[in-house]
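K.L.:
Structure file coords-v5.txt, compact mmCIF, C-alpha atoms, is pasted below:
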```txt
# COMPACT_ATOMS: atom_id res chain seq x y z
CA MET A 1 98.97 126.57 130.54
CA LEU A 2 95.35 126.01 131.51
CA ARG A 3 95.44 122.58 129.94
CA PHE A 4 98.61 121.73 131.85
CA ARG A 5 97.06 122.81 135.15
CA SER A 6 93.95 120.80 134.43
CA PHE A 7 96.11 117.75 133.64
CA GLN A 8 98.06 118.19 136.87
CA ARG A 9 94.86 118.46 138.90
CA GLU A 10 93.47 115.31 137.31
CA HIS A 11 96.80 113.57 137.83
CA ARG A 12 96.80 114.25 141.56
CA PHE A 13 93.16 113.16 141.74
CA ALA A 14 93.93 109.91 139.91
CA GLN A 15 97.14 109.08 141.77
CA ALA A 16 95.31 109.16 145.08
CA ARG A 17 92.65 106.79 143.77
CA LEU A 18 94.51 104.19 141.74
CA SER A 19 93.97 101.49 144.37
CA ARG A 20 90.25 102.21 144.51
CA LEU A 21 90.13 102.05 140.73
CA ILE A 22 91.67 98.58 140.56
CA ASP A 23 89.50 97.41 143.47
CA GLY A 24 86.38 98.54 141.60
CA ASP A 25 85.65 100.75 144.56
CA LEU A 26 84.62 104.00 142.88
CA SER A 27 81.36 105.53 141.76
CA ARG A 28 80.65 105.34 138.04
CA ARG A 29 81.25 109.06 137.64
CA THR A 30 84.65 108.98 139.37
CA ARG A 31 85.64 105.83 137.53
CA LEU A 32 84.94 107.49 134.18
CA ARG A 33 86.84 110.60 135.25
CA LEU A 34 89.86 108.49 136.17
CA ALA A 35 89.60 106.36 133.04
CA ARG A 36 89.80 109.50 130.89
CA HIS A 37 92.93 110.64 132.67
CA VAL A 38 94.60 107.20 132.79
CA GLU A 39 94.14 106.88 129.04
CA GLU A 40 96.23 109.97 128.36
CA CYS A 41 98.69 109.66 131.27
CA PRO A 42 101.50 107.09 130.91
CA ASP A 43 102.43 107.46 134.57
CA CYS A 44 98.95 106.61 135.84
CA SER A 45 98.51 103.92 133.20
CA ARG A 46 101.69 102.23 134.44
CA GLY A 47 100.54 102.73 138.02
CA VAL A 48 97.36 100.78 137.30
CA GLN A 49 99.33 97.96 135.64
CA VAL A 50 101.85 97.73 138.47
CA LEU A 51 99.29 97.84 141.27
CA ARG A 52 97.24 95.15 139.53
CA ALA A 53 100.34 92.97 139.28
CA LEU A 54 101.13 93.62 142.94
CA VAL A 55 97.62 92.64 144.05
CA ARG A 56 97.78 89.46 141.94
CA ARG A 57 101.16 88.49 143.38
CA SER A 58 100.02 89.22 146.93
CA GLY A 59 96.94 87.08 146.38
CA LEU A 60 99.13 84.14 145.40
CA LEU A 61 100.96 84.40 148.72
CA GLY A 62 97.61 83.71 150.35
CA THR A 63 97.48 80.29 148.73
CA GLN A 64 100.71 79.19 150.44
CA THR A 65 99.74 78.77 154.05
CA ASP A 66 100.84 76.45 156.80
CA PRO A 67 98.02 74.90 158.83
CA MET A 68 97.69 75.91 162.45
CA PRO A 69 99.82 73.44 164.45
CA GLU A 70 97.74 71.02 166.52
CA ALA A 71 99.86 72.01 169.54
CA VAL A 72 98.21 75.47 169.52
CA LEU A 73 94.80 73.93 170.06
CA ALA A 74 96.16 71.51 172.69
CA ARG A 75 97.80 74.36 174.62
CA PHE A 76 94.64 76.43 174.38
CA ARG A 77 92.59 73.48 175.72
CA ASP A 78 94.95 73.02 178.69
CA ARG A 79 94.74 76.68 179.63
CA ALA A 80 90.97 76.84 179.22
CA GLN A 81 90.58 73.76 181.44
CA GLN A 82 92.99 75.19 184.03
CA GLU A 83 91.00 78.42 184.13
CA ALA A 84 87.75 76.47 184.50
CA GLN A 85 89.21 74.42 187.37
CA MET A 86 90.40 77.58 189.10
CA ALA A 87 86.94 79.06 188.71
CA GLY A 88 85.44 75.81 190.04
CA GLU A 89 83.47 75.07 186.91
CA PRO A 90 83.43 71.50 185.60
CA GLN A 91 83.98 71.17 181.83
CA MET B 1 79.57 79.21 153.57
CA THR B 2 76.37 77.27 152.79
CA SER B 3 73.23 77.73 154.85
CA ALA B 4 73.75 74.27 156.37
CA GLU B 5 77.26 75.30 157.44
CA HIS B 6 75.85 78.53 158.86
CA LEU B 7 73.33 76.55 160.89
CA HIS B 8 76.01 74.16 162.11
CA GLU B 9 78.23 77.08 163.12
CA ALA B 10 75.34 78.84 164.88
CA ARG B 11 74.67 75.63 166.83
CA LEU B 12 78.33 75.34 167.85
CA ILE B 13 78.35 78.98 168.97
CA ALA B 14 75.21 78.46 171.05
CA GLN B 15 76.76 75.35 172.65
CA ALA B 16 80.03 77.19 173.31
CA GLN B 17 78.07 80.01 174.94
CA GLN B 18 76.60 77.37 177.26
CA GLY B 19 80.15 76.46 178.29
CA ASP B 20 80.81 73.56 175.89
CA LEU B 21 84.56 73.69 175.31
CA GLY B 22 84.40 70.92 172.71
CA ALA B 23 81.98 72.96 170.58
CA TYR B 24 84.32 75.96 170.79
CA GLU B 25 87.23 73.72 169.77
CA ASP B 26 85.26 72.70 166.67
CA LEU B 27 84.83 76.39 165.84
CA ALA B 28 88.52 76.98 166.48
CA ARG B 29 89.42 74.09 164.19
CA ALA B 30 87.19 75.41 161.42
CA HIS B 31 88.75 78.89 161.53
CA GLY B 32 92.17 78.00 162.94
CA ASP B 33 94.17 77.75 159.72
CA ARG B 34 93.04 81.17 158.48
CA ILE B 35 93.55 82.79 161.87
CA TYR B 36 97.03 81.32 162.09
CA ALA B 37 97.83 82.37 158.49
CA VAL B 38 96.86 85.98 159.20
CA ILE B 39 98.85 86.12 162.42
CA LEU B 40 101.86 84.49 160.77
CA ARG B 41 101.79 87.08 157.99
CA LEU B 42 101.54 89.88 160.50
CA VAL B 43 104.29 88.81 162.90
CA MET B 44 106.39 86.87 160.35
CA ASN B 45 107.55 84.27 162.82
CA SER B 46 105.95 80.90 163.53
CA ALA B 47 106.91 80.74 167.24
CA ASP B 48 105.32 84.14 167.92
CA ALA B 49 102.36 83.28 165.65
CA GLU B 50 101.66 80.12 167.68
CA ASP B 51 101.68 82.07 170.96
CA ILE B 52 99.37 84.74 169.54
CA ALA B 53 97.03 82.17 167.97
CA GLN B 54 96.75 80.42 171.34
CA GLU B 55 96.02 83.75 173.06
CA THR B 56 93.46 84.58 170.36
CA LEU B 57 91.60 81.31 170.96
CA LEU B 58 91.70 81.86 174.71
CA ARG B 59 90.35 85.40 174.46
CA GLY B 60 87.65 84.19 172.09
CA TRP B 61 86.66 81.49 174.57
CA ARG B 62 86.60 83.92 177.48
CA GLY B 63 84.52 86.37 175.48
CA ILE B 64 82.26 83.98 173.58
CA ASN B 65 79.21 85.28 175.43
CA ASN B 66 79.90 88.75 174.01
CA PHE B 67 79.51 87.39 170.50
CA HIS B 68 76.20 88.40 168.94
CA ALA B 69 74.41 86.13 166.51
CA ASP B 70 73.99 88.93 163.95
CA ALA B 71 77.78 89.13 163.48
CA ARG B 72 79.99 86.70 161.58
CA PHE B 73 82.08 84.48 163.81
CA GLY B 74 84.99 84.56 161.35
CA THR B 75 85.09 88.38 161.39
CA TRP B 76 84.82 88.43 165.18
CA ILE B 77 87.68 85.99 165.78
CA TYR B 78 89.82 87.66 163.07
CA ARG B 79 89.39 90.92 164.93
CA ILE B 80 90.63 89.33 168.14
CA ALA B 81 93.62 87.92 166.22
CA VAL B 82 94.48 91.33 164.77
CA ASN B 83 94.09 92.98 168.20
CA GLU B 84 96.35 90.36 169.77
CA SER B 85 98.94 90.91 167.03
CA ASN B 86 98.75 94.69 167.63
CA ARG B 87 99.23 94.10 171.35
CA PHE B 88 102.31 92.07 170.47
CA PHE B 89 103.69 94.94 168.35
CA GLU B 90 102.94 97.48 171.08
CA ARG B 91 104.90 95.41 173.58
CA GLY B 92 107.81 95.57 171.15
CA ALA B 93 107.84 91.84 171.44
CA ASN B 94 108.93 91.16 167.88
CA ARG B 95 112.51 90.72 168.98
CA ARG B 96 112.55 87.21 167.60
CA ARG B 97 111.97 88.64 164.15
CA GLU B 98 115.04 90.81 164.52
CA GLN B 99 117.04 87.75 165.41
CA LEU B 100 115.70 85.93 162.36
CA PRO B 101 115.90 88.33 159.41
CA ILE B 102 114.82 85.61 157.00
CA HIS B 103 111.80 84.12 158.67
CA ASP B 104 111.23 80.41 158.75
CA HIS B 105 108.48 80.23 156.14
CA GLU B 106 110.63 82.00 153.58
CA ALA B 107 113.60 79.83 154.46
CA ARG B 108 111.52 76.74 153.69
CA LEU B 109 110.46 78.21 150.34
CA ALA B 110 114.07 79.10 149.53
CA ALA B 111 115.12 75.53 150.28
CA ARG B 112 112.46 74.25 147.87
CA ALA B 113 113.59 76.73 145.18
CA VAL B 114 117.02 75.10 144.92
CA ASP B 115 115.68 72.24 142.82
CA GLN B 116 113.49 74.40 140.57
CA PRO B 117 114.06 75.52 136.98
CA PRO B 118 115.23 79.17 136.47
CA ALA B 119 111.78 80.68 135.71
CA ARG B 120 110.29 79.17 138.87
CA ALA B 121 113.31 80.28 140.84
CA GLU B 122 112.80 83.87 139.61
CA LEU B 123 109.20 83.76 140.75
CA ARG B 124 110.32 82.47 144.14
CA GLU B 125 112.81 85.29 144.29
CA LEU B 126 110.05 87.81 143.61
CA GLU B 127 107.86 86.20 146.26
CA GLY B 128 110.72 86.45 148.73
CA ALA B 129 111.21 90.13 147.87
CA LEU B 130 107.48 90.71 148.23
CA ARG B 131 107.44 89.06 151.66
CA ARG B 132 110.40 91.16 152.79
CA ALA B 133 108.75 94.36 151.51
CA ILE B 134 105.55 93.49 153.39
CA GLU B 135 107.60 92.69 156.47
CA GLN B 136 109.13 96.17 156.32
CA LEU B 137 105.73 97.86 156.43
CA GLU B 138 104.62 99.38 159.71
CA PRO B 139 101.95 97.19 161.37
CA PRO B 140 98.84 99.22 160.34
CA TYR B 141 99.88 99.16 156.67
CA ARG B 142 100.95 95.52 156.82
CA THR B 143 97.61 94.57 158.38
CA ALA B 144 95.67 96.36 155.63
CA LEU B 145 97.63 94.63 152.88
CA VAL B 146 97.52 91.20 154.51
CA LEU B 147 93.75 91.27 155.09
CA ARG B 148 92.73 92.75 151.74
CA ASP B 149 95.29 91.54 149.21
CA ILE B 150 96.67 88.34 150.70
CA GLU B 151 93.66 86.99 152.57
CA GLY B 152 91.26 88.41 149.98
CA LEU B 153 88.73 89.88 152.41
CA SER B 154 86.37 92.59 151.23
CA THR B 155 87.22 96.18 152.10
CA ARG B 156 84.19 96.35 154.38
CA GLU B 157 85.11 93.21 156.33
CA ALA B 158 88.79 94.13 156.56
CA ALA B 159 87.94 97.63 157.82
CA GLU B 160 85.58 96.13 160.39
CA ILE B 161 88.30 93.76 161.62
CA VAL B 162 90.84 96.56 161.90
CA GLY B 163 88.25 98.79 163.56
CA VAL B 164 88.47 101.79 161.22
CA ARG B 165 86.10 103.37 158.73
CA GLU B 166 86.18 102.09 155.17
CA GLY B 167 87.59 105.38 153.85
CA ALA B 168 90.48 105.28 156.31
CA PHE B 169 91.12 101.64 155.48
CA LYS B 170 91.23 102.32 151.73
CA SER B 171 93.70 105.12 152.25
CA ARG B 172 95.89 102.88 154.43
CA LEU B 173 95.75 100.09 151.86
CA HIS B 174 96.75 102.44 149.05
CA GLN B 175 99.73 103.70 151.06
CA ALA B 176 100.75 100.12 151.82
CA ARG B 177 100.65 99.18 148.14
CA LEU B 178 102.64 102.26 147.16
CA ARG B 179 105.33 101.41 149.71
CA VAL B 180 105.61 97.83 148.50
CA ARG B 181 105.70 99.07 144.91
CA ALA B 182 108.54 101.45 145.79
CA ALA B 183 110.45 98.68 147.57
CA LEU B 184 110.15 96.14 144.73
CA GLY B 185 110.33 98.40 141.71
CA ASP B 186 107.99 98.38 138.73
CA GLU B 187 110.25 96.25 136.56
CA ALA B 188 110.22 93.34 138.98
CA LEU B 189 106.43 93.42 139.30
CA LEU B 190 105.85 93.65 135.54
CA ALA B 191 108.51 91.12 134.59
CA PRO B 192 107.36 88.50 132.05
CA GLY B 193 106.29 85.23 133.62
CA VAL B 194 105.09 86.89 136.78
CA ASP B 195 101.46 86.30 135.86
```
How does this structure look as structure tokens?
P.N.:
Amino acid sequence: MLRFRSFQREHRFAQARLSRLIDGDLSRRTRLRLARHVEECPDCSRGVQVLRALVRRSGLLGTQTDPMPEAVLARFRDRAQQEAQMAGEPQ
Amino acid sequence: MTSAEHLHEARLIAQAQQGDLGAYEDLARAHGDRIYAVILRLVMNSADAEDIAQETLLRGWRGINNFHADARFGTWIYRIAVNESNRFFERGANRRREQLPIHDHEARLAARAVDQPPARAELRELEGALRRAIEQLEPPYRTALVLRDIEGLSTREAAEIVGVREGAFKSRLHQARLRVRAALGDEALLAPGVD
């Protein structure tokens, strides 16, 4: 019973920190504590695998970007110049 | 960014702060694609993204004298872009998105997928599902995931852009990932050929 309670406590602790674990964002002590639990917990072990896959996939989305349309810059320039004219400042 | 690029950027900022619109345009060009990419991922619609990008550049120009040399220009302008996107959400202005359930970027990818072999098509399908799951996130969670996982910013920089403490940002990011995981399912994410 005590062992079960201890497992549950460690499970809750690990579940809340899986993202930080895969981001390498934990102190050494906490990382080791989580690693011990993840090793014996299939649920957390799967969680680590899945979150890692999710982060990898998300990162690939970042490589598929459209450039900012030139029209955005042109429209910005027009408005900035209009504002300057209204304020009486030559550009 | 190399030290020469830093120097060049610092010079452009100084010129822009003296009222040189051309120098500011050079800065805008250098950061424009990334700003636009972030906004597009947040609002999921190119027409809205263009309007917000334009407003971001304008606000940056109006406020260029508030920029301090000890900060990073990229972080500063990103923050304006995220604030402008939040303003857009607060106005409830994302009606266009409701009218276009499959946004234009995804539609273009889907069109390309037609001519691809089955394995590539499956990957495209997963990417589409991932985009839709991200689109379903509430703006604070979507922003966390876009900045950290898609744009690849550090936790510190992303938290600074969002304007929250690192601890709060990490918690938000974790929630965002859990929601996307729940929407996609573990099997889809761990399917062979995904990596």
K.L.:
Given only C-alpha atoms as the basis, pick out the residue of B:Glu84, B:Asp149, B:Glu138, B:Glu9 nearest to chain A.
P.N.:
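Using only C-alpha atoms, chain A sits closest to B:Asp149.
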K.L.:
Taking a cut-off of 6 Å and counting all atoms listed in the file, can you build a table that, for each residue of chain B near chain A, reports the nearest atom pair and how far apart they are in Å (one decimal), sorted by chain then residue number, as a Markdown table?
P.N.:
```
| residue | atom | partner | partner_atom | distance |
| --- | --- | --- | --- | --- |
| B:Gly32 | CA | A:Met68 | CA | 5.9 |
| B:Asp33 | CA | A:Met68 | CA | 4.8 |
| B:Tyr36 | CA | A:Met68 | CA | 5.5 |
| B:Gln54 | CA | A:Phe76 | CA | 5.4 |
| B:Asp149 | CA | A:Gly59 | CA | 5.5 |
| B:Ile150 | CA | A:Gly59 | CA | 4.5 |
| B:Glu151 | CA | A:Gly62 | CA | 5.6 |
| B:His174 | CA | A:Ser19 | CA | 5.5 |
```
K.L.:
So the first atom is CA of Ser154 in chain B and the second is CA of His37 in chain A; what is the distance between them in Å, to one decimal place?
P.N.:
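One can read the CA of Ser154 in chain B to CA of His37 in chain A distance as 26.7 Å.
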K.L.:
Report, as JSON, the axis-aligned box around all atoms of range 154-172 of chain B present in the file, extended by 5 Å on each side; give centre and edge lengths in Å to one decimal place.
P.N.:
```
{"center_x": 90.0, "center_y": 99.0, "center_z": 157.4, "size_x": 21.7, "size_y": 22.8, "size_z": 22.3}
```
K.L.:
I need the residue nearest Tyr78 in chain B from this list: B:Ala159, B:His6, B:Ser46, B:Glu25. Use all atoms listed in the file for the distance.
P.N.:
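Closest to Tyr78 in chain B, using all atoms listed in the file: B:Ala159.
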K.L.:
Rounded to one decimal place, report the CA of Ile22 in chain A-CA of Glu122 in chain B distance in Å.
P.N.:
25.8 Å
K.L.:
With distances taken over all atoms listed in the file, which residue among A:Ala14, A:Leu26, A:Met1, A:Ala87 lies nearest Glu39 in chain A?
P.N.:
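Nearest candidate to Glu39 in chain A out of A:Ala14, A:Leu26, A:Met1, A:Ala87: A:Ala14.
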K.L.:
Taking (96.6, 88.7, 163.3) in the file's coordinates as the center, which residues reach within 6 Å of it, counting all atoms listed in the file, put as a PyMOL selection string?
P.N.:
chain B and resi 38-39+42+81-82+85
K.L.:
As an exercise, work out the distance from CA of Cys41 in chain A to CA of Ala144 in chain B in Å and give it to one decimal place.
P.N.:
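CA of Ala144 in chain B lies 27.9 Å from CA of Cys41 in chain A.
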K.L.:
Residues at most 12 Å from Gln18 in chain B, counting all atoms listed in the file, excluding those fewer than 6 positions away in the same chain, as a VMD selection string?
P.N.:
(chain A and resid 91) or (chain B and resid 11 to 12 24 61 to 62 64 to 65)
